[in-house]
$ cat work03.cif   # mmCIF, C-alpha atoms
data_upload
loop_
_atom_site.label_atom_id
_atom_site.label_comp_id
_atom_site.auth_asym_id
_atom_site.auth_seq_id
_atom_site.Cartn_x
_atom_site.Cartn_y
_atom_site.Cartn_z
CA MET A 1 0.00 0.00 0.00
CA GLN A 2 1.47 3.35 -0.98
CA VAL A 3 0.40 6.80 0.09
CA ARG A 4 1.54 9.37 -2.44
CA ALA A 5 -0.99 12.05 -1.64
CA LEU A 6 1.62 14.76 -1.19
CA ALA A 7 3.90 13.90 -4.09
CA THR A 8 4.07 17.50 -5.24
CA VAL A 9 1.32 19.09 -3.21
CA THR A 10 1.82 22.84 -3.51
CA ALA A 11 5.37 22.97 -2.23
CA ALA A 12 5.13 26.69 -1.60
CA ALA A 13 2.05 26.27 0.57
CA LEU A 14 3.74 23.50 2.50
CA ALA A 15 6.85 25.60 3.13
CA LEU A 16 4.71 28.53 4.23
CA SER A 17 2.75 26.33 6.63
CA LEU A 18 5.89 24.82 8.12
CA GLY A 19 7.50 28.21 8.54
CA ALA A 20 4.46 29.79 10.13
CA CYS A 21 3.52 27.01 12.51
CA SER A 22 6.75 25.50 13.77
CA SER A 23 9.97 26.18 15.52
CA ASP A 24 13.27 25.32 13.83
CA GLY A 25 13.52 22.15 15.93
CA SER A 26 16.88 23.16 17.38
CA GLY A 27 15.53 24.13 20.80
CA ASP A 28 18.18 24.88 23.39
CA GLY A 29 20.71 22.44 22.00
CA ALA A 30 20.21 20.08 24.91
CA SER A 31 21.22 16.47 24.49
CA ALA A 32 21.26 13.31 26.55
CA ALA A 33 24.86 14.14 27.52
CA ASP A 34 23.63 17.20 29.46
CA GLY A 35 21.45 15.08 31.73
CA PRO A 36 18.13 13.25 31.63
CA ILE A 37 15.70 14.44 28.97
CA THR A 38 11.95 14.00 29.19
CA LEU A 39 10.02 13.62 25.96
CA GLU A 40 6.28 14.21 25.84
CA TYR A 41 4.41 11.56 23.83
CA TRP A 42 0.79 11.73 22.71
CA ALA A 43 -0.69 8.35 21.88
CA TRP A 44 -3.66 6.08 22.38
CA GLY A 45 -4.35 2.34 22.44
CA THR A 46 -3.60 -0.55 24.76
CA ALA A 47 -0.09 -1.23 23.42
CA GLN A 48 1.41 2.16 24.27
CA ASP A 49 2.05 1.72 27.99
CA GLY A 50 4.08 -1.44 27.41
CA MET A 51 6.11 0.14 24.61
CA VAL A 52 6.92 3.23 26.68
CA GLU A 53 7.82 1.13 29.72
CA ALA A 54 10.21 -0.95 27.61
CA TRP A 55 11.92 2.22 26.36
CA ASN A 56 12.17 3.84 29.79
CA ARG A 57 13.73 0.69 31.31
CA THR A 58 16.51 0.66 28.74
CA HIS A 59 17.09 4.40 28.13
CA PRO A 60 17.67 6.11 31.50
CA ASP A 61 19.00 9.31 29.89
CA VAL A 62 15.89 9.92 27.78
CA GLN A 63 12.62 9.26 29.55
CA VAL A 64 9.21 9.38 27.88
CA ARG A 65 5.97 10.58 29.45
CA LYS A 66 2.87 9.36 27.64
CA THR A 67 -0.41 11.25 27.49
CA ASP A 68 -3.56 9.59 26.18
CA ALA A 69 -4.64 12.07 23.52
CA GLY A 70 -7.78 10.23 22.47
CA GLY A 71 -8.36 8.58 19.12
CA SER A 72 -7.00 9.66 15.77
CA THR A 73 -9.50 12.44 15.02
CA ASP A 74 -9.24 13.98 18.48
CA SER A 75 -5.48 13.68 18.57
CA SER A 76 -4.95 15.22 15.11
CA ALA A 77 -7.11 18.23 15.91
CA LYS A 78 -5.28 18.74 19.21
CA LEU A 79 -1.90 18.45 17.48
CA LEU A 80 -2.78 21.18 14.99
CA THR A 81 -3.94 23.49 17.76
CA ALA A 82 -0.92 22.75 19.96
CA THR A 83 1.51 23.29 17.09
CA ARG A 84 0.06 26.71 16.35
CA ALA A 85 0.48 27.54 20.04
CA GLU A 86 4.06 26.16 19.92
CA ASN A 87 3.42 23.67 22.72
CA ALA A 88 2.91 20.39 20.90
CA PRO A 89 4.46 17.23 22.37
CA ASP A 90 7.81 15.95 21.12
CA VAL A 91 6.35 12.80 19.64
CA ALA A 92 2.86 11.70 18.65
CA VAL A 93 0.94 8.87 17.05
CA VAL A 94 -0.76 9.86 13.80
CA GLN A 95 -2.88 7.66 11.57
CA TYR A 96 -1.61 7.22 8.02
CA ASP A 97 -4.65 8.83 6.43
CA THR A 98 -4.24 12.00 8.49
CA LEU A 99 -0.47 12.29 8.04
CA PRO A 100 -0.76 14.41 4.86
CA ALA A 101 -2.80 16.98 6.78
CA MET A 102 -0.24 16.91 9.61
CA ILE A 103 2.53 17.67 7.10
CA VAL A 104 0.65 20.52 5.46
CA GLY A 105 -0.30 21.82 8.91
CA GLY A 106 3.33 21.98 10.00
CA VAL A 107 2.97 19.35 12.73
CA ALA A 108 5.24 16.55 11.49
CA ALA A 109 8.96 17.21 11.06
CA ASP A 110 11.24 15.62 8.46
CA ILE A 111 13.31 13.13 10.47
CA GLY A 112 15.06 11.43 7.56
CA GLU A 113 18.54 12.33 8.82
CA HIS A 114 17.81 10.71 12.18
CA VAL A 115 16.23 7.45 10.97
CA ALA A 116 18.41 6.70 7.95
CA ASP A 117 18.57 2.98 8.74
CA ALA A 118 14.89 2.49 9.58
CA GLU A 119 13.59 1.99 6.06
CA GLU A 120 15.08 -1.51 5.79
CA GLN A 121 12.99 -2.56 8.78
CA PHE A 122 9.74 -2.28 6.79
CA ASN A 123 8.41 -3.53 3.50
CA PRO A 124 8.27 -0.83 0.81
CA GLY A 125 4.49 -0.46 0.89
CA VAL A 126 4.48 0.26 4.61
CA TRP A 127 7.47 2.64 4.49
CA SER A 128 5.79 4.62 1.73
CA GLN A 129 3.15 5.61 4.29
CA VAL A 130 5.62 8.04 5.86
CA GLU A 131 7.85 9.13 2.98
CA PHE A 132 6.93 11.97 0.63
CA ASP A 133 9.24 13.42 -2.02
CA GLY A 134 12.26 11.95 -0.28
CA ALA A 135 11.38 13.40 3.12
CA VAL A 136 10.53 11.09 6.04
CA TYR A 137 7.80 12.28 8.39
CA GLY A 138 7.51 9.39 10.82
CA VAL A 139 8.20 5.76 11.63
CA PRO A 140 5.42 3.23 10.95
CA GLN A 141 4.03 1.63 14.09
CA ASP A 142 1.19 -0.70 13.18
CA VAL A 143 -0.84 -1.73 10.18
CA GLY A 144 -4.53 -2.55 10.17
CA PRO A 145 -5.42 -4.73 7.18
CA GLN A 146 -9.15 -5.31 7.01
CA ALA A 147 -10.24 -8.61 8.48
CA LEU A 148 -13.34 -10.31 9.81
CA VAL A 149 -13.51 -10.94 13.54
CA TYR A 150 -16.42 -13.20 14.40
CA ASN A 151 -18.01 -14.98 17.33
CA GLN A 152 -16.91 -18.49 16.49
CA ALA A 153 -18.97 -20.02 19.29
CA ARG A 154 -22.18 -18.45 17.99
CA PHE A 155 -21.34 -19.39 14.39
CA THR A 156 -20.93 -23.01 15.51
CA GLU A 157 -24.13 -22.90 17.56
CA LEU A 158 -26.17 -21.66 14.59
CA GLY A 159 -24.36 -23.79 12.00
CA LEU A 160 -23.11 -20.80 10.01
CA PRO A 161 -20.29 -20.92 7.47
CA VAL A 162 -17.59 -18.25 7.56
CA PRO A 163 -18.27 -16.17 4.41
CA THR A 164 -15.48 -15.65 1.91
CA THR A 165 -17.31 -13.23 -0.43
CA TRP A 166 -19.64 -10.34 0.23
CA ALA A 167 -22.41 -12.25 -1.57
CA GLU A 168 -21.93 -15.10 0.89
CA PHE A 169 -21.86 -12.57 3.73
CA ALA A 170 -25.31 -11.33 2.70
CA ALA A 171 -26.59 -14.92 2.54
CA VAL A 172 -25.24 -15.67 6.02
CA ALA A 173 -26.88 -12.48 7.30
CA GLU A 174 -30.21 -13.84 6.07
CA GLN A 175 -29.55 -17.15 7.84
CA VAL A 176 -28.88 -15.35 11.11
CA GLU A 177 -32.16 -13.47 10.80
CA GLN A 178 -34.03 -16.75 10.25
CA LYS A 179 -32.29 -18.77 12.96
CA ASP A 180 -32.10 -16.11 15.69
CA PRO A 181 -34.25 -13.02 14.99
CA ALA A 182 -32.78 -11.24 18.02
CA ALA A 183 -29.30 -11.45 16.53
CA THR A 184 -27.61 -9.86 13.53
CA LEU A 185 -24.55 -10.94 11.59
CA THR A 186 -23.14 -7.43 11.88
CA THR A 187 -24.19 -3.81 12.02
CA PHE A 188 -23.59 -1.06 9.49
CA ALA A 189 -22.12 1.92 11.32
CA PRO A 190 -23.04 5.08 9.37
CA ALA A 191 -20.21 7.11 10.90
CA GLU A 192 -17.40 4.66 10.12
CA PHE A 193 -15.59 6.53 7.35
CA GLY A 194 -12.45 4.38 7.58
CA GLY A 195 -14.27 1.09 7.26
CA PHE A 196 -16.29 2.19 4.26
CA ALA A 197 -13.21 3.70 2.58
CA ALA A 198 -11.29 0.44 3.00
CA MET A 199 -14.12 -1.60 1.46
CA ALA A 200 -14.25 0.80 -1.47
CA GLN A 201 -10.47 0.59 -1.90
CA GLN A 202 -10.70 -3.20 -1.74
CA ASN A 203 -13.15 -2.91 -4.62
CA GLY A 204 -10.74 -0.78 -6.67
CA ALA A 205 -11.61 2.78 -5.63
CA GLN A 206 -9.00 5.55 -5.59
CA TRP A 207 -10.56 8.52 -3.83
CA TRP A 208 -7.69 10.98 -4.31
CA THR A 209 -5.06 11.03 -7.05
CA VAL A 210 -2.57 13.77 -7.91
CA ASP A 211 -0.68 14.59 -11.08
CA GLY A 212 1.75 17.44 -10.55
CA ASP A 213 -0.32 19.93 -8.59
CA ALA A 214 -3.65 18.83 -10.08
CA TRP A 215 -5.89 16.67 -7.91
CA THR A 216 -8.71 14.35 -8.91
CA VAL A 217 -11.34 13.41 -6.32
CA SER A 218 -13.28 10.21 -7.07
CA ILE A 219 -15.16 9.41 -3.87
CA ASP A 220 -18.39 9.00 -5.83
CA ASP A 221 -16.95 6.46 -8.28
CA GLU A 222 -18.48 3.19 -9.42
CA PRO A 223 -16.56 0.89 -7.01
CA SER A 224 -17.62 3.08 -4.08
CA ARG A 225 -21.25 3.27 -5.24
CA ARG A 226 -21.30 -0.51 -5.39
CA VAL A 227 -20.26 -0.67 -1.74
CA ALA A 228 -22.91 1.90 -0.78
CA GLN A 229 -25.61 -0.01 -2.67
CA TYR A 230 -24.58 -3.29 -1.05
CA TRP A 231 -25.03 -1.99 2.50
CA GLU A 232 -28.10 0.04 1.61
CA ASP A 233 -29.77 -3.13 0.33
CA LEU A 234 -29.01 -5.10 3.51
CA VAL A 235 -30.29 -2.29 5.72
CA ASP A 236 -33.42 -1.71 3.61
CA ARG A 237 -34.30 -5.41 3.77
CA GLY A 238 -33.83 -5.43 7.52
CA VAL A 239 -31.16 -8.13 7.26
CA ILE A 240 -28.75 -6.04 9.30
CA ASP A 241 -29.17 -2.93 11.42
CA ALA A 242 -27.70 0.51 10.87
CA GLN A 243 -26.28 1.13 14.33
CA PRO A 244 -23.26 3.05 15.67
CA LEU A 245 -20.35 1.05 17.01
CA LEU A 246 -19.18 0.87 20.61
CA THR A 247 -22.16 2.63 22.11
CA PRO A 248 -23.67 1.23 25.32
CA GLU A 249 -26.45 -0.31 23.20
CA TRP A 250 -24.04 -1.94 20.75
CA ASN A 251 -21.82 -3.17 23.56
CA ALA A 252 -24.83 -4.72 25.30
CA ARG A 253 -25.81 -6.57 22.13
CA LEU A 254 -22.24 -7.82 21.74
CA ALA A 255 -22.27 -9.08 25.32
CA ALA A 256 -25.60 -10.84 24.72
CA GLY A 257 -24.20 -12.64 21.67
CA GLU A 258 -26.49 -10.70 19.34
CA VAL A 259 -23.76 -9.15 17.14
CA LEU A 260 -21.97 -12.06 15.55
CA SER A 261 -19.18 -10.42 13.56
CA TRP A 262 -17.37 -7.19 12.86
CA PRO A 263 -15.82 -6.56 9.42
CA SER A 264 -13.05 -4.32 10.63
CA ALA A 265 -9.28 -4.77 10.91
CA LEU A 266 -6.69 -6.78 12.79
CA TRP A 267 -6.87 -4.37 15.70
CA ALA A 268 -10.57 -5.14 16.24
CA ASN A 269 -9.82 -8.25 18.29
CA GLY A 270 -8.35 -6.10 21.04
CA VAL A 271 -11.36 -3.78 20.95
CA VAL A 272 -13.74 -6.72 21.31
CA ASN A 273 -11.71 -7.95 24.26
CA GLY A 274 -12.05 -4.56 25.90
CA VAL A 275 -15.85 -4.74 25.59
CA VAL A 276 -16.49 -8.42 26.35
CA PRO A 277 -13.41 -9.93 28.03
CA GLU A 278 -15.67 -12.67 29.36
CA GLN A 279 -16.04 -13.94 25.77
CA ALA A 280 -12.35 -14.80 25.45
CA GLY A 281 -12.09 -18.08 23.59
CA GLN A 282 -15.25 -17.42 21.56
CA TRP A 283 -13.87 -15.01 18.94
CA ALA A 284 -11.74 -15.82 15.91
CA LEU A 285 -10.10 -14.11 12.94
CA ALA A 286 -10.74 -14.71 9.23
CA PRO A 287 -9.95 -12.86 5.99
CA ILE A 288 -12.33 -10.09 5.00
CA PRO A 289 -14.93 -11.24 2.40
CA GLN A 290 -14.11 -10.43 -1.23
CA TRP A 291 -16.15 -8.58 -3.85
CA GLU A 292 -15.16 -11.22 -6.40
CA ALA A 293 -14.60 -14.90 -5.65
CA GLY A 294 -10.99 -15.95 -5.97
CA ARG A 295 -9.52 -12.54 -5.23
CA SER A 296 -7.63 -11.80 -2.03
CA ALA A 297 -7.43 -8.00 -2.07
CA VAL A 298 -7.30 -6.33 1.33
CA SER A 299 -7.10 -2.65 2.15
CA PHE A 300 -5.85 -1.06 5.34
CA GLN A 301 -8.42 0.19 7.83
CA GLY A 302 -6.30 2.26 10.13
CA GLY A 303 -2.70 1.89 11.07
CA SER A 304 -0.44 4.59 12.39
CA ALA A 305 3.01 6.11 12.50
CA VAL A 306 4.94 7.89 15.21
CA VAL A 307 5.94 11.42 14.19
CA VAL A 308 8.35 13.90 15.69
CA THR A 309 6.71 17.30 15.88
CA THR A 310 8.19 20.54 14.67
CA SER A 311 7.76 21.84 18.22
CA SER A 312 10.24 19.38 19.72
CA GLU A 313 13.47 20.78 21.16
CA HIS A 314 14.98 17.28 21.06
CA PRO A 315 14.26 15.98 17.55
CA GLU A 316 17.17 13.55 17.45
CA GLU A 317 16.22 11.84 20.71
CA ALA A 318 12.55 11.90 19.75
CA ALA A 319 13.34 10.24 16.44
CA GLU A 320 15.44 7.61 18.21
CA PHE A 321 12.47 6.83 20.46
CA ALA A 322 10.09 6.63 17.48
CA GLU A 323 12.41 4.23 15.69
CA TRP A 324 13.22 2.05 18.70
CA ILE A 325 9.70 1.36 19.93
CA ASN A 326 8.64 0.44 16.40
CA THR A 327 11.59 -1.72 15.32
CA SER A 328 12.90 -3.38 18.49
CA LYS A 329 11.82 -6.80 19.71
CA GLU A 330 10.85 -5.25 23.04
CA GLY A 331 8.51 -2.74 21.40
CA SER A 332 7.05 -5.35 19.08
CA ALA A 333 6.40 -7.75 21.96
CA ALA A 334 4.33 -5.10 23.72
CA GLN A 335 2.32 -4.52 20.55
CA ILE A 336 1.67 -8.21 19.98
CA GLU A 337 0.62 -8.83 23.57
CA ALA A 338 -2.04 -6.13 23.14
CA GLY A 339 -3.25 -7.67 19.87
CA GLN A 340 -1.77 -4.94 17.66
CA TYR A 341 -0.17 -6.04 14.38
CA PRO A 342 3.29 -4.48 14.08
CA ALA A 343 4.34 -2.61 10.96
CA SER A 344 7.98 -3.70 11.20
CA LEU A 345 9.35 -6.87 9.64
CA VAL A 346 10.87 -7.82 13.00
CA GLY A 347 7.50 -7.48 14.70
CA GLN A 348 5.61 -9.39 12.03
CA GLU A 349 8.11 -12.24 12.22
CA LEU A 350 7.82 -12.25 16.01
CA THR A 351 4.05 -12.76 15.82
CA LEU A 352 4.56 -16.19 14.28
CA SER A 353 6.13 -17.49 17.48
CA SER A 354 3.75 -15.62 19.77
CA ALA A 355 0.65 -16.82 21.53
CA PRO A 356 -2.70 -15.70 20.07
CA PRO A 357 -4.19 -12.56 21.62
CA VAL A 358 -6.21 -13.07 24.78
CA GLN A 359 -9.58 -12.88 23.01
CA SER A 360 -8.74 -15.83 20.71
CA PRO A 361 -6.58 -18.30 22.69
CA GLN A 362 -8.25 -21.22 20.91
CA GLN A 363 -7.12 -20.08 17.43
CA ALA A 364 -3.61 -21.51 17.26
CA ASP A 365 -3.04 -20.15 13.75
CA TYR A 366 -4.25 -16.62 14.59
CA TRP A 367 -1.01 -14.85 13.67
CA GLN A 368 -0.48 -17.02 10.60
CA VAL A 369 -3.93 -15.94 9.38
CA ALA A 370 -3.01 -12.34 10.19
CA GLN A 371 0.19 -12.62 8.17
CA ARG A 372 -1.69 -14.01 5.14
CA ILE A 373 -4.18 -11.17 5.37
CA ALA A 374 -1.42 -8.55 5.60
CA SER A 375 0.39 -10.02 2.59
CA ASP A 376 -2.66 -9.39 0.39
CA THR A 377 -2.97 -5.64 0.95
CA VAL A 378 -3.73 -3.61 -2.18
CA PRO A 379 -0.54 -2.06 -3.55
CA GLU A 380 -1.49 1.59 -3.84
CA VAL A 381 -3.91 3.80 -1.98
CA SER A 382 -3.68 7.60 -1.96
CA TRP A 383 -5.06 9.95 0.66
CA GLY A 384 -5.77 13.61 0.11
CA PRO A 385 -4.96 16.70 2.15
CA ASN A 386 -8.47 17.05 3.62
CA VAL A 387 -9.34 13.58 4.91
CA ASN A 388 -10.76 15.26 8.00
CA VAL A 389 -13.32 17.09 5.85
CA ALA A 390 -14.20 13.88 4.01
CA SER A 391 -14.66 12.01 7.29
CA SER A 392 -16.90 14.70 8.76
CA ALA A 393 -18.97 14.99 5.58
CA PHE A 394 -19.29 11.18 5.44
CA GLN A 395 -20.56 11.00 9.00
CA ASP A 396 -23.10 13.76 8.44
CA ALA A 397 -24.39 12.40 5.13
CA PHE A 398 -24.57 8.72 6.07
CA ASN A 399 -26.03 9.33 9.53
CA ALA A 400 -28.76 11.41 7.90
CA ALA A 401 -29.40 8.75 5.26
CA ALA A 402 -29.63 5.98 7.85
CA THR A 403 -31.98 8.04 10.03
CA ARG A 404 -34.27 9.11 7.17
CA GLY A 405 -34.07 5.90 5.16
CA THR A 406 -32.70 7.76 2.13
CA SER A 407 -30.11 6.68 -0.40
CA PHE A 408 -26.55 5.84 0.63
CA THR A 409 -25.38 6.54 -2.91
CA ASP A 410 -26.84 10.04 -2.68
CA ALA A 411 -24.95 10.43 0.60
CA LEU A 412 -21.75 9.41 -1.15
CA ALA A 413 -22.33 12.07 -3.81
CA ALA A 414 -22.74 14.65 -1.04
CA VAL A 415 -19.37 13.65 0.43
CA GLN A 416 -17.73 14.06 -2.98
CA GLU A 417 -19.22 17.52 -3.38
CA ALA A 418 -18.09 18.64 0.08
CA VAL A 419 -14.52 17.43 -0.43
CA VAL A 420 -14.14 19.08 -3.84
CA ALA A 421 -15.60 22.36 -2.57
CA ASP A 422 -13.24 22.39 0.42
CA MET A 423 -10.17 21.72 -1.71
CA GLU A 424 -11.12 24.43 -4.19
CA LYS A 425 -11.65 26.86 -1.33
CA SER A 426 -8.18 26.00 -0.03
CA GLY A 427 -6.62 26.82 -3.40
CA PHE A 428 -6.05 23.34 -4.82
CA THR A 429 -6.52 22.63 -8.51
CA VAL A 430 -9.09 19.85 -8.41
CA SER A 431 -11.51 18.00 -10.64
CA ALA A 432 -14.14 15.35 -10.02
CA GLY A 433 -13.28 11.85 -11.18
#
$ encode --input "work03.cif" --output "structure tokens"
Amino acid sequence: MQVRALATVTAAALALSLGACSSDGSGDGASAADGPITLEYWAWGTAQDGMVEAWNRTHPDVQVRKTDAGGSTDSSAKLLTATRAENAPDVAVVQYDTLPAMIVGGVAADIGEHVADAEEQFNPGVWSQVEFDGAVYGVPQDVGPQALVYNQARFTELGLPVPTTWAEFAAVAEQVEQKDPAATLTTFAPAEFGGFAAMAQQNGAQWWTVDGDAWTVSIDDEPSRRVAQYWEDLVDRGVIDAQPLLTPEWNARLAAGEVLSWPSALWANGVVNGVVPEQAGQWALAPIPQWEAGRSAVSFQGGSAVVVTTSSEHPEEAAEFAEWINTSKEGSAAQIEAGQYPASLVGQELTLSSAPPVQSPQQADYWQVAQRIASDTVPEVSWGPNVNVASSAFQDAFNAAATRGTSFTDALAAVQEAVVADMEKSGFTVSAG
């Protein structure tokens, strides 16, 4: 998977943004030799405490203090605000799809000179997530290939096959409705921009492309409309419910065994464990269903990098921390224990000799399945400079459509219109695909 969204994205605008919003990164010239340094680290997720503890045990001269900055959307907005106020943390976790906006916003610093040897620790598709025009703006931490996590115990109880295509998925959804009317195979979450985008990309969509400084936006393309129509049909027929994820109501249904699967990503197993730890041993991992039988295309739904901010007075030490936690065996072990799939080759190899995550102790081949899924990721996906606008417009349009019972494809067209209008307002040369 390659992210080339900023290949030549208005270099002058980028330079202006970096100059206006950041310090020169030199700070007071302090180094580890002058005494202990404390780095501020904004992150989220269950793996972070273990990774930071591993670093602090082995690096007494550079200690890291982690702050839970919320999820990706919350953290990115806070980073932009903090950078403008010149008080951003030294290091932060940023999702791949929001990294272009963090670069344009002057948040992420070029750390290429400090992590010159890191590239060989990742496969090219993963490394391309953080490299733009020869500059390196972070170190990959985890990858989230789409996958299907499912309640294996309930599948066995109801005699359900694990679907391998989306057509089969729809058929199994109908079986669930017939066999247990209180249950549903899954729910369609109208606000889940990342999940829908990954399904569209799996189906061949390219929402942003750039040629020179000219952008094309194709959110309302045929592959994406097919995905919208698929879920609209299931919701209209009452085969599945349109329901937000991780609300008290959704969590209660999960606990009652009434939500049988979650087409999401490799990280979803850990989320399920956080909601229903008592169901450990019931859940399993399988490849995401395919739009065409015989294909094995998978897109990323999430995944993140660790960036050094332009506000940091200790960029070299911050970059060393970002590289170490994401390429060392100690950092990878903490990720794996929490059910996170590492981005590094060392971490991915380590999974194969690791126990399954706590939610799926019965699935001895869990990490082997994860590796097969990760090896089938689509080779090129581009993100644009205003993913935040697209995400917000998606949530508004699809929530309204689900509430009113109106067309999901019309909602998709509204997202396209909002994204194009925002880019044009920001001065980009853009056309609709």
$ atom_distance --input "work03.cif" --atom1 "atom CA of Ala101 of chain A" --atom2 "atom CA of Gln301 of chain A"
17.7 Å
$ residues_around --input "work03.cif" --residues "Ser392 of chain A" --least-positions-apart "3" --cutoff "12 Å" --atoms "all atoms listed in the file" --output "compact mmCIF listing (two decimals) with C-alpha atoms, in the frame of the given file"
# COMPACT_ATOMS: atom_id res chain seq x y z
CA THR A 73 -9.50 12.44 15.02
CA PRO A 190 -23.04 5.08 9.37
CA ALA A 191 -20.21 7.11 10.90
CA GLU A 192 -17.40 4.66 10.12
CA PHE A 193 -15.59 6.53 7.35
CA GLY A 194 -12.45 4.38 7.58
CA ASN A 386 -8.47 17.05 3.62
CA VAL A 387 -9.34 13.58 4.91
CA ASN A 388 -10.76 15.26 8.00
CA VAL A 389 -13.32 17.09 5.85
CA GLN A 395 -20.56 11.00 9.00
CA ASP A 396 -23.10 13.76 8.44
CA ALA A 397 -24.39 12.40 5.13
CA PHE A 398 -24.57 8.72 6.07
CA ASN A 399 -26.03 9.33 9.53
CA ALA A 414 -22.74 14.65 -1.04
CA VAL A 415 -19.37 13.65 0.43
CA GLN A 416 -17.73 14.06 -2.98
CA ALA A 418 -18.09 18.64 0.08
CA VAL A 419 -14.52 17.43 -0.43
CA ASP A 422 -13.24 22.39 0.42
$ atom_distance --input "work03.cif" --atom1 "atom CA of Arg253 of chain A" --atom2 "atom CA of Gln175 of chain A"
18.2 Å
$ residues_around --input "work03.cif" --residues "segment 140-153 of chain A" --least-positions-apart "6" --cutoff "6 Å" --atoms "all atoms listed in the file" --output "list of chain:residue names"
A:Leu260, A:Ser261, A:Trp262, A:Pro263, A:Ser264, A:Ala265, A:Leu266, A:Gln282, A:Trp283, A:Ala284, A:Leu285, A:Ala286, A:Pro287, A:Ile288, A:Ser299, A:Phe300, A:Gln301, A:Gly302, A:Gly303, A:Ser304, A:Ala305, A:Asn326, A:Tyr341, A:Pro342, A:Ala343, A:Ala374
$ atom_distance --input "work03.cif" --atom1 "atom CA of Val381 of chain A" --atom2 "atom CA of Val217 of chain A"
12.9 Å
$ residues_near_point --input "work03.cif" --point "(-2.1, 14.4, 4.3)" --cutoff "7 Å" --atoms "only C-alpha atoms" --output "ChimeraX atom specification"
/A:5-6,97-104,383-386
$ axis_aligned_box --input "work03.cif" --around "segment 256-260 of chain A" --padding-each-side "8 Å" --output "JSON"
{"center_x": -24.2, "center_y": -10.9, "center_z": 20.1, "size_x": 20.5, "size_y": 19.5, "size_z": 25.2}
$ residues_around --input "work03.cif" --residues "Val271 of chain A" --least-positions-apart "3" --cutoff "10 Å" --atoms "only C-alpha atoms" --output "PyMOL selection string"
chain A and resi 45-46+246+266-268+274-277+338-339+359
$ closest_residue --input "work03.cif" --among "A:Val64, A:Ala318, A:Ala47, A:Val176" --to "Gly270 of chain A" --atoms "all atoms listed in the file"
A:Ala47
$ residues_around --input "work03.cif" --residues "Ala413 of chain A" --least-positions-apart "3" --cutoff "10 Å" --atoms "only C-alpha atoms" --output "list in words"
Ser218, Ile219, Asp220, Asp221, Arg225, Phe394, Ala397, Phe408, Thr409, Asp410, Gln416, Glu417 and Ala418 of chain A
$ closest_residue --input "work03.cif" --among "A:Pro181, A:Pro60, A:Gly106, A:Gly50" --to "Ile240 of chain A" --atoms "only C-alpha atoms"
A:Pro181
